[in-house]
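Source file: input21.cif; contents: mmCIF, C-alpha atoms.
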data_work
#
loop_
_atom_site.group_PDB
_atom_site.id
_atom_site.type_symbol
_atom_site.label_atom_id
_atom_site.label_comp_id
_atom_site.auth_asym_id
_atom_site.auth_seq_id
_atom_site.Cartn_x
_atom_site.Cartn_y
_atom_site.Cartn_z
ATOM 1 C CA MET A 1 0.000 0.000 0.000
ATOM 2 C CA ASN A 2 1.225 3.442 -0.958
ATOM 3 C CA LEU A 3 -0.062 5.441 2.017
ATOM 4 C CA LYS A 4 -0.086 8.637 -0.020
ATOM 5 C CA LYS A 5 -2.837 7.067 -2.106
ATOM 6 C CA GLU A 6 -4.826 5.286 0.635
ATOM 7 C CA ARG A 7 -7.824 7.238 1.937
ATOM 8 C CA ASN A 8 -8.213 5.250 5.148
ATOM 9 C CA TRP A 9 -4.542 5.450 6.201
ATOM 10 C CA LYS A 10 -2.466 8.416 7.332
ATOM 11 C CA ASN A 11 0.868 8.927 5.636
ATOM 12 C CA ASP A 12 3.964 9.535 7.804
ATOM 13 C CA GLU A 13 2.296 8.411 11.046
ATOM 14 C CA ILE A 14 3.303 4.798 11.772
ATOM 15 C CA ARG A 15 5.771 4.355 14.628
ATOM 16 C CA SER A 16 4.965 0.872 15.963
ATOM 17 C CA VAL A 17 3.377 -2.378 14.801
ATOM 18 C CA GLY A 18 1.261 -4.849 16.751
ATOM 19 C CA PHE A 19 0.557 -8.338 15.410
ATOM 20 C CA SER A 20 -1.176 -11.586 16.313
ATOM 21 C CA ASP A 21 -1.461 -15.135 14.942
ATOM 22 C CA ILE A 22 1.189 -14.706 12.244
ATOM 23 C CA GLY A 23 2.157 -17.724 10.122
ATOM 24 C CA GLY A 24 5.806 -18.618 9.655
ATOM 25 C CA GLY A 25 7.191 -17.175 6.417
ATOM 26 C CA THR A 26 5.097 -13.983 6.526
ATOM 27 C CA ILE A 27 6.986 -10.838 5.465
ATOM 28 C CA LEU A 28 6.305 -7.244 6.515
ATOM 29 C CA GLU A 29 8.164 -4.307 4.966
ATOM 30 C CA LEU A 30 7.829 -0.632 5.901
ATOM 31 C CA TRP A 31 9.343 1.992 3.580
ATOM 32 C CA ASP A 32 10.020 5.696 3.940
ATOM 33 C CA SER A 33 9.736 6.032 0.150
ATOM 34 C CA PRO A 34 6.228 5.539 -1.299
ATOM 35 C CA ASP A 35 7.778 3.868 -4.371
ATOM 36 C CA LYS A 36 10.275 1.730 -2.396
ATOM 37 C CA ARG A 37 13.553 3.508 -3.160
ATOM 38 C CA ASP A 38 16.493 1.835 -1.454
ATOM 39 C CA SER A 39 18.126 5.220 -0.897
ATOM 40 C CA ASP A 40 15.517 5.915 1.810
ATOM 41 C CA ASP A 41 15.044 4.050 5.091
ATOM 42 C CA TRP A 42 13.152 0.766 5.187
ATOM 43 C CA ILE A 43 12.807 -2.353 7.334
ATOM 44 C CA ARG A 44 11.912 -5.970 6.694
ATOM 45 C CA VAL A 45 10.360 -8.134 9.384
ATOM 46 C CA GLU A 46 10.271 -11.844 8.539
ATOM 47 C CA PHE A 47 8.343 -14.202 10.784
ATOM 48 C CA THR A 48 10.440 -17.366 10.694
ATOM 49 C CA GLN A 49 7.899 -19.405 12.649
ATOM 50 C CA GLN A 50 4.328 -19.216 13.892
ATOM 51 C CA VAL A 51 4.105 -16.187 16.212
ATOM 52 C CA PRO A 52 0.982 -15.878 18.387
ATOM 53 C CA SER A 53 1.334 -12.173 19.235
ATOM 54 C CA GLY A 54 3.800 -9.359 19.807
ATOM 55 C CA LYS A 55 4.687 -5.752 19.163
ATOM 56 C CA ILE A 56 7.420 -3.795 17.443
ATOM 57 C CA LYS A 57 7.458 -0.801 19.765
ATOM 58 C CA ASN A 58 9.698 1.297 17.528
ATOM 59 C CA VAL A 59 9.960 0.506 13.818
ATOM 60 C CA GLU A 60 13.594 1.646 13.851
ATOM 61 C CA ARG A 61 14.704 -0.934 16.430
ATOM 62 C CA ASN A 62 15.011 -4.724 16.430
ATOM 63 C CA PRO A 63 12.205 -6.067 18.653
ATOM 64 C CA ASN A 64 14.340 -9.126 19.560
ATOM 65 C CA LEU A 65 11.314 -11.408 19.601
ATOM 66 C CA PRO A 66 11.420 -15.218 19.144
ATOM 67 C CA GLY A 67 10.628 -16.204 15.570
ATOM 68 C CA VAL A 68 11.052 -12.627 14.279
ATOM 69 C CA SER A 69 13.948 -11.658 11.972
ATOM 70 C CA PHE A 70 14.559 -7.907 11.653
ATOM 71 C CA ARG A 71 16.508 -6.132 8.909
ATOM 72 C CA LYS A 72 16.978 -2.369 8.757
ATOM 73 C CA THR A 73 18.428 -0.329 5.873
ATOM 74 C CA GLY A 74 19.296 3.352 6.143
ATOM 75 C CA SER A 75 20.420 5.743 8.850
ATOM 76 C CA GLY A 76 17.155 6.029 10.761
ATOM 77 C CA ASN A 77 14.214 8.421 10.824
ATOM 78 C CA LEU A 78 11.682 5.815 9.704
ATOM 79 C CA ALA A 79 9.425 6.252 12.754
ATOM 80 C CA GLY A 80 6.632 8.599 11.767
ATOM 81 C CA LYS A 81 7.836 8.550 8.151
ATOM 82 C CA VAL A 82 6.304 5.339 6.730
ATOM 83 C CA SER A 83 4.781 5.818 3.262
ATOM 84 C CA GLN A 84 4.733 2.260 1.862
ATOM 85 C CA ILE A 85 3.588 -1.016 3.480
ATOM 86 C CA VAL A 86 4.295 -4.435 1.955
ATOM 87 C CA ILE A 87 2.755 -7.550 3.498
ATOM 88 C CA LEU A 88 3.278 -10.984 1.972
ATOM 89 C CA PRO A 89 1.416 -13.805 3.726
ATOM 90 C CA HIS A 90 3.406 -16.921 4.484
ATOM 91 C CA GLY A 91 4.001 -19.427 1.716
ATOM 92 C CA LYS A 92 4.317 -19.224 -2.029
ATOM 93 C CA ALA A 93 4.323 -15.499 -2.718
ATOM 94 C CA SER A 94 6.790 -14.640 0.035
ATOM 95 C CA GLN A 95 9.240 -17.363 -1.066
ATOM 96 C CA ALA A 96 9.074 -16.140 -4.671
ATOM 97 C CA TYR A 97 9.514 -12.529 -3.533
ATOM 98 C CA LEU A 98 12.683 -13.316 -1.555
ATOM 99 C CA GLY A 99 14.035 -15.508 -4.351
ATOM 100 C CA ILE A 100 13.690 -12.759 -6.940
ATOM 101 C CA GLU A 101 15.291 -10.169 -4.666
ATOM 102 C CA SER A 102 18.351 -12.347 -4.098
ATOM 103 C CA SER A 103 18.632 -13.409 -7.762
ATOM 104 C CA ARG A 104 20.645 -10.347 -8.821
ATOM 105 C CA SER A 105 21.920 -6.971 -7.676
ATOM 106 C CA TRP A 106 19.040 -4.498 -7.894
ATOM 107 C CA ALA A 107 21.431 -1.560 -7.598
ATOM 108 C CA ALA A 108 20.175 0.762 -10.362
ATOM 109 C CA LYS A 109 17.507 3.417 -9.887
ATOM 110 C CA ASP A 110 17.848 3.570 -6.086
ATOM 111 C CA GLY A 111 17.643 -0.177 -5.692
ATOM 112 C CA ARG A 112 14.604 -0.656 -7.916
ATOM 113 C CA ALA A 113 16.215 -2.039 -11.081
ATOM 114 C CA PHE A 114 18.982 -4.139 -12.620
ATOM 115 C CA GLU A 115 20.894 -2.905 -15.671
ATOM 116 C CA TYR A 116 23.084 -4.941 -18.005
ATOM 117 C CA GLU A 117 24.533 -5.073 -21.518
ATOM 118 C CA VAL A 118 23.893 -7.467 -24.398
ATOM 119 C CA SER A 119 25.956 -7.116 -27.600
ATOM 120 C CA ASP A 120 26.736 -3.425 -26.950
ATOM 121 C CA SER A 121 23.069 -2.618 -26.200
ATOM 122 C CA ASN A 122 21.874 -1.645 -22.720
ATOM 123 C CA PHE A 123 18.808 -2.971 -20.940
ATOM 124 C CA ARG A 124 17.061 -2.452 -17.605
ATOM 125 C CA VAL A 125 14.818 -4.817 -15.639
ATOM 126 C CA TRP A 126 12.659 -3.247 -12.940
ATOM 127 C CA LYS A 127 12.214 -5.209 -9.708
ATOM 128 C CA PRO A 128 9.043 -7.311 -10.125
ATOM 129 C CA SER A 129 5.932 -7.348 -8.009
ATOM 130 C CA VAL A 130 4.833 -10.737 -6.679
ATOM 131 C CA THR A 131 1.239 -11.052 -5.507
ATOM 132 C CA ARG A 132 -1.039 -13.888 -4.537
ATOM 133 C CA SER A 133 -3.875 -14.930 -6.797
ATOM 134 C CA THR A 134 -6.464 -17.620 -6.166
ATOM 135 C CA GLY A 135 -4.241 -20.518 -5.172
ATOM 136 C CA GLY A 136 -1.274 -19.181 -7.125
ATOM 137 C CA VAL A 137 0.996 -16.226 -7.834
ATOM 138 C CA VAL A 138 1.037 -13.319 -10.293
ATOM 139 C CA LEU A 139 4.420 -11.980 -11.439
ATOM 140 C CA VAL A 140 4.536 -8.502 -13.043
ATOM 141 C CA PHE A 141 7.656 -6.669 -14.191
ATOM 142 C CA LYS A 142 8.853 -4.050 -16.673
ATOM 143 C CA LEU A 143 11.912 -3.844 -18.919
ATOM 144 C CA ASP A 144 13.573 -1.008 -20.820
ATOM 145 C CA HIS A 145 15.823 -0.932 -23.853
ATOM 146 C CA ILE A 146 17.999 2.025 -22.830
ATOM 147 C CA ARG A 147 18.615 4.290 -25.807
ATOM 148 C CA GLY A 148 20.655 7.146 -24.351
ATOM 149 C CA LEU A 149 19.325 10.501 -25.504
ATOM 150 C CA ALA A 150 16.391 8.904 -27.339
ATOM 151 C CA LYS A 151 13.229 7.734 -25.573
ATOM 152 C CA ASP A 152 13.617 4.222 -24.191
ATOM 153 C CA ASP A 153 11.716 1.250 -25.561
ATOM 154 C CA ALA A 154 9.672 -0.517 -22.883
ATOM 155 C CA ALA A 155 7.933 -3.803 -22.204
ATOM 156 C CA ALA A 156 5.455 -4.796 -19.494
ATOM 157 C CA VAL A 157 5.216 -8.506 -18.645
ATOM 158 C CA THR A 158 2.525 -10.359 -16.693
ATOM 159 C CA MET A 159 2.804 -14.064 -15.824
ATOM 160 C CA VAL A 160 0.076 -15.938 -13.932
ATOM 161 C CA PHE A 161 0.852 -19.248 -12.188
ATOM 162 C CA ASP A 162 -1.553 -21.595 -10.460
ATOM 163 C CA GLY A 163 -0.792 -23.272 -7.143
ATOM 164 C CA ALA A 164 0.788 -26.264 -8.872
ATOM 165 C CA GLY A 165 3.406 -24.089 -10.600
ATOM 166 C CA ILE A 166 1.701 -24.277 -14.003
ATOM 167 C CA LEU A 167 2.017 -21.092 -16.067
ATOM 168 C CA GLN A 168 -1.616 -20.286 -16.857
ATOM 169 C CA SER A 169 -1.138 -17.176 -18.973
ATOM 170 C CA GLU A 170 1.482 -14.652 -19.968
ATOM 171 C CA SER A 171 1.327 -11.354 -21.820
ATOM 172 C CA VAL A 172 3.808 -8.756 -23.038
ATOM 173 C CA GLU A 173 3.000 -5.190 -24.029
ATOM 174 C CA LEU A 174 5.822 -3.692 -26.067
ATOM 175 C CA LYS A 175 6.338 -0.002 -26.834
ATOM 176 C CA PHE A 176 8.998 1.507 -29.087
ATOM 177 C CA ALA A 177 9.897 5.073 -28.086
ATOM 178 C CA GLY A 178 6.499 5.524 -26.468
ATOM 179 C CA GLU A 179 4.577 4.205 -29.458
ATOM 180 C CA ASN A 180 2.788 0.863 -29.273
ATOM 181 C CA PRO A 181 3.306 -0.900 -32.604
ATOM 182 C CA VAL A 182 3.189 -4.341 -31.024
ATOM 183 C CA ALA A 183 0.926 -5.544 -28.233
ATOM 184 C CA GLN A 184 1.231 -9.215 -27.376
ATOM 185 C CA ALA A 185 -1.362 -11.123 -25.368
ATOM 186 C CA LEU A 186 -1.539 -14.762 -26.375
ATOM 187 C CA ASP A 187 -5.173 -15.432 -25.511
ATOM 188 C CA ALA A 188 -5.121 -18.756 -27.337
ATOM 189 C CA ARG A 189 -2.778 -20.845 -25.210
ATOM 190 C CA ASN A 190 -0.292 -22.973 -27.024
ATOM 191 C CA ALA A 191 -2.115 -26.254 -27.703
ATOM 192 C CA ALA A 192 1.113 -28.138 -27.208
ATOM 193 C CA ALA A 193 1.371 -26.808 -23.656
ATOM 194 C CA LYS A 194 -1.963 -28.315 -22.679
ATOM 195 C CA GLU A 195 -1.130 -31.618 -24.325
ATOM 196 C CA LEU A 196 2.169 -31.723 -22.472
ATOM 197 C CA ALA A 197 0.435 -30.919 -19.198
ATOM 198 C CA ASP A 198 -2.119 -33.659 -19.739
ATOM 199 C CA ALA A 199 0.590 -36.162 -20.611
ATOM 200 C CA ALA A 200 2.811 -35.425 -17.614
ATOM 201 C CA THR A 201 1.994 -37.023 -14.272
ATOM 202 C CA ASP A 202 4.797 -35.668 -12.080
ATOM 203 C CA PRO A 203 3.963 -32.098 -10.846
ATOM 204 C CA ARG A 204 7.504 -30.873 -11.424
ATOM 205 C CA ALA A 205 7.700 -32.275 -14.958
ATOM 206 C CA LYS A 206 4.317 -30.796 -15.824
ATOM 207 C CA ALA A 207 5.329 -27.333 -14.582
ATOM 208 C CA LEU A 208 8.588 -27.428 -16.544
ATOM 209 C CA LEU A 209 6.979 -28.597 -19.787
ATOM 210 C CA VAL A 210 4.177 -26.043 -19.811
ATOM 211 C CA PHE A 211 6.509 -23.216 -18.776
ATOM 212 C CA GLY A 212 8.925 -23.957 -21.608
ATOM 213 C CA ALA A 213 6.210 -24.293 -24.239
ATOM 214 C CA MET A 214 4.399 -21.075 -23.335
ATOM 215 C CA VAL A 215 7.484 -18.855 -23.011
ATOM 216 C CA GLY A 216 8.776 -20.341 -26.272
ATOM 217 C CA ALA A 217 5.505 -19.454 -27.981
ATOM 218 C CA MET A 218 5.753 -15.896 -26.674
ATOM 219 C CA GLN A 219 9.321 -15.505 -27.946
ATOM 220 C CA SER A 220 8.342 -16.735 -31.400
ATOM 221 C CA SER A 221 5.452 -14.273 -31.528
ATOM 222 C CA LEU A 222 7.580 -11.329 -30.378
ATOM 223 C CA VAL A 223 10.417 -12.108 -32.783
ATOM 224 C CA THR A 224 7.995 -12.383 -35.708
ATOM 225 C CA SER A 225 6.320 -9.074 -34.847
ATOM 226 C CA VAL A 226 9.555 -7.130 -34.433
ATOM 227 C CA ALA A 227 11.046 -8.643 -37.599
ATOM 228 C CA GLY A 228 8.055 -7.277 -39.489
ATOM 229 C CA LEU A 229 9.014 -3.775 -38.357
ATOM 230 C CA SER A 230 12.529 -4.115 -39.840
ATOM 231 C CA GLN A 231 14.245 -3.216 -36.559
ATOM 232 C CA SER A 232 17.935 -3.738 -35.853
ATOM 233 C CA GLY A 233 20.438 -3.368 -33.002
ATOM 234 C CA GLY A 234 19.000 -3.252 -29.496
ATOM 235 C CA ARG A 235 15.436 -3.324 -30.766
ATOM 236 C CA GLN A 236 16.100 -6.519 -32.652
ATOM 237 C CA LEU A 237 17.588 -8.010 -29.466
ATOM 238 C CA PHE A 238 14.745 -6.831 -27.226
ATOM 239 C CA PRO A 239 12.405 -9.833 -27.759
ATOM 240 C CA GLY A 240 15.167 -12.209 -26.712
ATOM 241 C CA VAL A 241 15.982 -10.072 -23.677
ATOM 242 C CA ILE A 242 12.315 -10.025 -22.658
ATOM 243 C CA THR A 243 11.844 -13.774 -22.876
ATOM 244 C CA ALA A 244 15.213 -14.455 -21.195
ATOM 245 C CA GLN A 245 13.985 -12.476 -18.182
ATOM 246 C CA MET A 246 10.623 -14.263 -18.330
ATOM 247 C CA LYS A 247 12.481 -17.563 -18.154
ATOM 248 C CA GLU A 248 14.758 -16.526 -15.283
ATOM 249 C CA LEU A 249 12.267 -14.664 -13.100
ATOM 250 C CA GLY A 250 9.376 -16.971 -13.948
ATOM 251 C CA ALA A 251 11.481 -20.000 -13.005
ATOM 252 C CA ILE A 252 12.009 -18.527 -9.525
ATOM 253 C CA VAL A 253 8.244 -18.276 -9.047
ATOM 254 C CA ARG A 254 7.665 -21.745 -10.498
ATOM 255 C CA ASP A 255 10.270 -23.277 -8.193
ATOM 256 C CA ALA A 256 8.733 -21.556 -5.169
ATOM 257 C CA LEU A 257 5.428 -23.248 -6.046
ATOM 258 C CA VAL A 258 6.845 -26.632 -7.063
ATOM 259 C CA PRO A 259 10.450 -26.948 -5.864
ATOM 260 C CA PRO A 260 13.067 -29.167 -7.543
ATOM 261 C CA ASP A 261 12.243 -31.991 -5.115
ATOM 262 C CA GLY A 262 8.875 -32.250 -6.889
ATOM 263 C CA HIS A 263 6.713 -31.635 -3.823
ATOM 264 C CA GLU A 264 4.243 -28.784 -3.808
ATOM 265 C CA HIS A 265 4.474 -26.290 -0.932
#
As a first step, turn the structure in this file into structure tokens.
Amino acid sequence: MNLKKERNWKNDEIRSVGFSDIGGGTILELWDSPDKRDSDDWIRVEFTQQVPSGKIKNVERNPNLPGVSFRKTGSGNLAGKVSQIVILPHGKASQAYLGIESSRSWAAKDGRAFEYEVSDSNFRVWKPSVTRSTGGVVLVFKLDHIRGLAKDDAAAVTMVFDGAGILQSESVELKFAGENPVAQALDARNAAAKELADAATDPRAKALLVFGAMVGAMQSSLVTSVAGLSQSGGRQLFPGVITAQMKELGAIVRDALVPPDGHEH
């Protein structure tokens, strides 16, 4: 919640937190910045086990409570300055959230993005949001093709997983220099993905097969669309960059739902 946009909450007021009946694996984050900039103060409270009740008397100090892990970033002054609240209930979403955060160095844009180079072209991946859906998880993230003085190209990706780690749907909206020549949303799921899912009996194998088929179908569609626009350089590489990030970040979510041992969480 961005408290600057919430009618029923007061911005810059929170100084303490009370809690009760919290499941192990639940994550609470409080941010000074309404858009979660790492350059401002923030804390993460992770409940490592079932916690019946307790209180963080001062959000700037470790409560030293059993089953509560406390991490603080910044020099202080968070009390009475909270503008963003993140709560991830225990289980699938919180595991995926932590996995994505630790997957790379999100050092660009005040800790909100990761930038890298491919064949002399520069790209940026914004830190994804991970939210619970009915029984599953929704992964949303944005990417930029950085073009220096020119307006960046951008892509917005949404991936929806069910509780068994099966990728249910994925979409990519692609904009070149602010224009939207290509909008991808594969409403007709790849028939091969469903056939593979029906044929597989092991949950892990099923998740892997469907994931590969659907991301592969998206890459083919993006490459075909961009080729039709006669693009070159970084723009020609962009479809591959997009689907590479879908594979890497999506795999973290998939593995949080159905880990490599094959047992669902």
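Among the candidates A:Pro34, A:Pro260, A:Pro128, A:Gly212, the one nearest to Ala156 (chain A) when counting only C-alpha atoms is A:Pro128.
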Requested in this report: Tell me which protein, DNA and RNA residues are within 12 Å of Trp126 (chain A), counting only C-alpha atoms, leaving out same-chain ones fewer than 2 positions away, and put them as an NGL selection string.
Outcome: :A and (36-37 or 100-101 or 104-116 or 123-124 or 128-129 or 140-145 or 154-157 or 242 or 245 or 249)
Could you dump the residues just selected with C-alpha atoms as a compact mmCIF listing (two decimals), in the coordinates of the input?
# COMPACT_ATOMS: atom_id res chain seq x y z
CA LYS A 36 10.28 1.73 -2.40
CA ARG A 37 13.55 3.51 -3.16
CA ILE A 100 13.69 -12.76 -6.94
CA GLU A 101 15.29 -10.17 -4.67
CA ARG A 104 20.64 -10.35 -8.82
CA SER A 105 21.92 -6.97 -7.68
CA TRP A 106 19.04 -4.50 -7.89
CA ALA A 107 21.43 -1.56 -7.60
CA ALA A 108 20.18 0.76 -10.36
CA LYS A 109 17.51 3.42 -9.89
CA ASP A 110 17.85 3.57 -6.09
CA GLY A 111 17.64 -0.18 -5.69
CA ARG A 112 14.60 -0.66 -7.92
CA ALA A 113 16.22 -2.04 -11.08
CA PHE A 114 18.98 -4.14 -12.62
CA GLU A 115 20.89 -2.90 -15.67
CA TYR A 116 23.08 -4.94 -18.00
CA PHE A 123 18.81 -2.97 -20.94
CA ARG A 124 17.06 -2.45 -17.60
CA PRO A 128 9.04 -7.31 -10.12
CA SER A 129 5.93 -7.35 -8.01
CA VAL A 140 4.54 -8.50 -13.04
CA PHE A 141 7.66 -6.67 -14.19
CA LYS A 142 8.85 -4.05 -16.67
CA LEU A 143 11.91 -3.84 -18.92
CA ASP A 144 13.57 -1.01 -20.82
CA HIS A 145 15.82 -0.93 -23.85
CA ALA A 154 9.67 -0.52 -22.88
CA ALA A 155 7.93 -3.80 -22.20
CA ALA A 156 5.46 -4.80 -19.49
CA VAL A 157 5.22 -8.51 -18.64
CA ILE A 242 12.32 -10.02 -22.66
CA GLN A 245 13.98 -12.48 -18.18
CA LEU A 249 12.27 -14.66 -13.10
Requested in this report: Name the residues in contact with region 72-78 of chain A at a cut-off of 9 Å, using all atoms listed in the file, excluding same-chain residues fewer than 4 positions from it; report them as a list of chain:residue names.
Outcome: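 The neighbour list is A:Asp12, A:Ile14, A:Arg15, A:Leu30, A:Trp31, A:Asp32, A:Asp38, A:Ser39, A:Asp40, A:Asp41, A:Trp42, A:Ile43, A:Arg44, A:Val45, A:Val59, A:Glu60, A:Arg61, A:Asn62, A:Val82.
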Requested in this report: Kindly indicate which residue among A:Gly165, A:Gly25, A:Gly67, A:Gly54 lies nearest to Pro259 (chain A), using only C-alpha atoms for the distances.
Outcome: A:Gly165
Draw an axis-aligned box tight on the listed atoms of region 127-141 of chain A, then pad every side by 4 Å and write out centre and edge lengths in Å to one decimal as JSON.
{"center_x": 2.9, "center_y": -12.9, "center_z": -9.4, "size_x": 26.7, "size_y": 23.3, "size_z": 17.7}
Query raised in the report: What separation in Å, quoted to one decimal, exists between CA of Arg71 (chain A) and CA of Ser83 (chain A)?
Result: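 Interatomic distance here is 17.7 Å.
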Query raised in the report: Using only C-alpha atoms, which residue out of A:Ile22, A:Val118, A:Leu65, A:Val137 lies closest to Pro52 (chain A)?
Result: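 So, comparing all the options, the nearest one is A:Ile22.
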Query raised in the report: In Å to one decimal, how far is CA of Val125 (chain A) from CA of Val210 (chain A)?
Result: 24.1 Å
Query raised in the report: A:Asp202, A:Asp162, A:Glu173, A:Glu179: which is nearest Ala256 (chain A), counting all atoms listed in the file?
Result: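 Closest to Ala256 (chain A), using all atoms listed in the file: A:Asp162.
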Requested in this report: Could you list the residues chosen by the PyMOL selection byres ((chain A and resi 69) around 6) in this structure as a VMD selection string?
Outcome: chain A and resid 45 to 46 68 70
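Note that CA of Arg254 (chain A) and CA of Phe47 (chain A) are 22.6 Å apart.
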**Report entry** Result set, the PyMOL selection byres ((chain A and resi 119) around 9) on current file, as a PyMOL selection string
**Finding:** chain A and resi 117-118+120-122+233-234+237
Query raised in the report: Hey, which of A:Gln236, A:Met159, A:Val241, A:Ile27 ends up closest to Leu98 (chain A)? Count all atoms listed in the file.
Result: A:Ile27
For the structure shown, which residues end up in the PyMOL selection byres ((chain A and resi 252) around 10)? Put them as an mmCIF file with C-alpha atoms, keeping the file's coordinate frame, please?
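Contents of selection-v2.cif, as written:
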data_model
loop_
_atom_site.group_PDB
_atom_site.id
_atom_site.type_symbol
_atom_site.label_atom_id
_atom_site.label_comp_id
_atom_site.auth_asym_id
_atom_site.auth_seq_id
_atom_site.Cartn_x
_atom_site.Cartn_y
_atom_site.Cartn_z
ATOM 1 C CA GLN A 95 9.240 -17.363 -1.066
ATOM 2 C CA ALA A 96 9.074 -16.140 -4.671
ATOM 3 C CA TYR A 97 9.514 -12.529 -3.533
ATOM 4 C CA LEU A 98 12.683 -13.316 -1.555
ATOM 5 C CA GLY A 99 14.035 -15.508 -4.351
ATOM 6 C CA ILE A 100 13.690 -12.759 -6.940
ATOM 7 C CA SER A 103 18.632 -13.409 -7.762
ATOM 8 C CA MET A 246 10.623 -14.263 -18.330
ATOM 9 C CA LYS A 247 12.481 -17.563 -18.154
ATOM 10 C CA GLU A 248 14.758 -16.526 -15.283
ATOM 11 C CA LEU A 249 12.267 -14.664 -13.100
ATOM 12 C CA GLY A 250 9.376 -16.971 -13.948
ATOM 13 C CA ALA A 251 11.481 -20.000 -13.005
ATOM 14 C CA VAL A 253 8.244 -18.276 -9.047
ATOM 15 C CA ARG A 254 7.665 -21.745 -10.498
ATOM 16 C CA ASP A 255 10.270 -23.277 -8.193
ATOM 17 C CA ALA A 256 8.733 -21.556 -5.169
ATOM 18 C CA LEU A 257 5.428 -23.248 -6.046
ATOM 19 C CA VAL A 258 6.845 -26.632 -7.063
ATOM 20 C CA PRO A 259 10.450 -26.948 -5.864
#
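With all atoms listed in the file as the atoms that count, the minimum distance from Gln84 (chain A) to the choices A:Ser20, A:Thr134, A:Asn58, A:Asn2 is reached by A:Asn2.
Within 8 Å of Asp152 (chain A), once only C-alpha atoms are used and residues closer than 4 positions along the same chain are dropped, the contacting residues are A:Asp144, A:His145, A:Ile146, A:Arg147, A:Gly148, A:Phe176, A:Ala177, A:Gly178.
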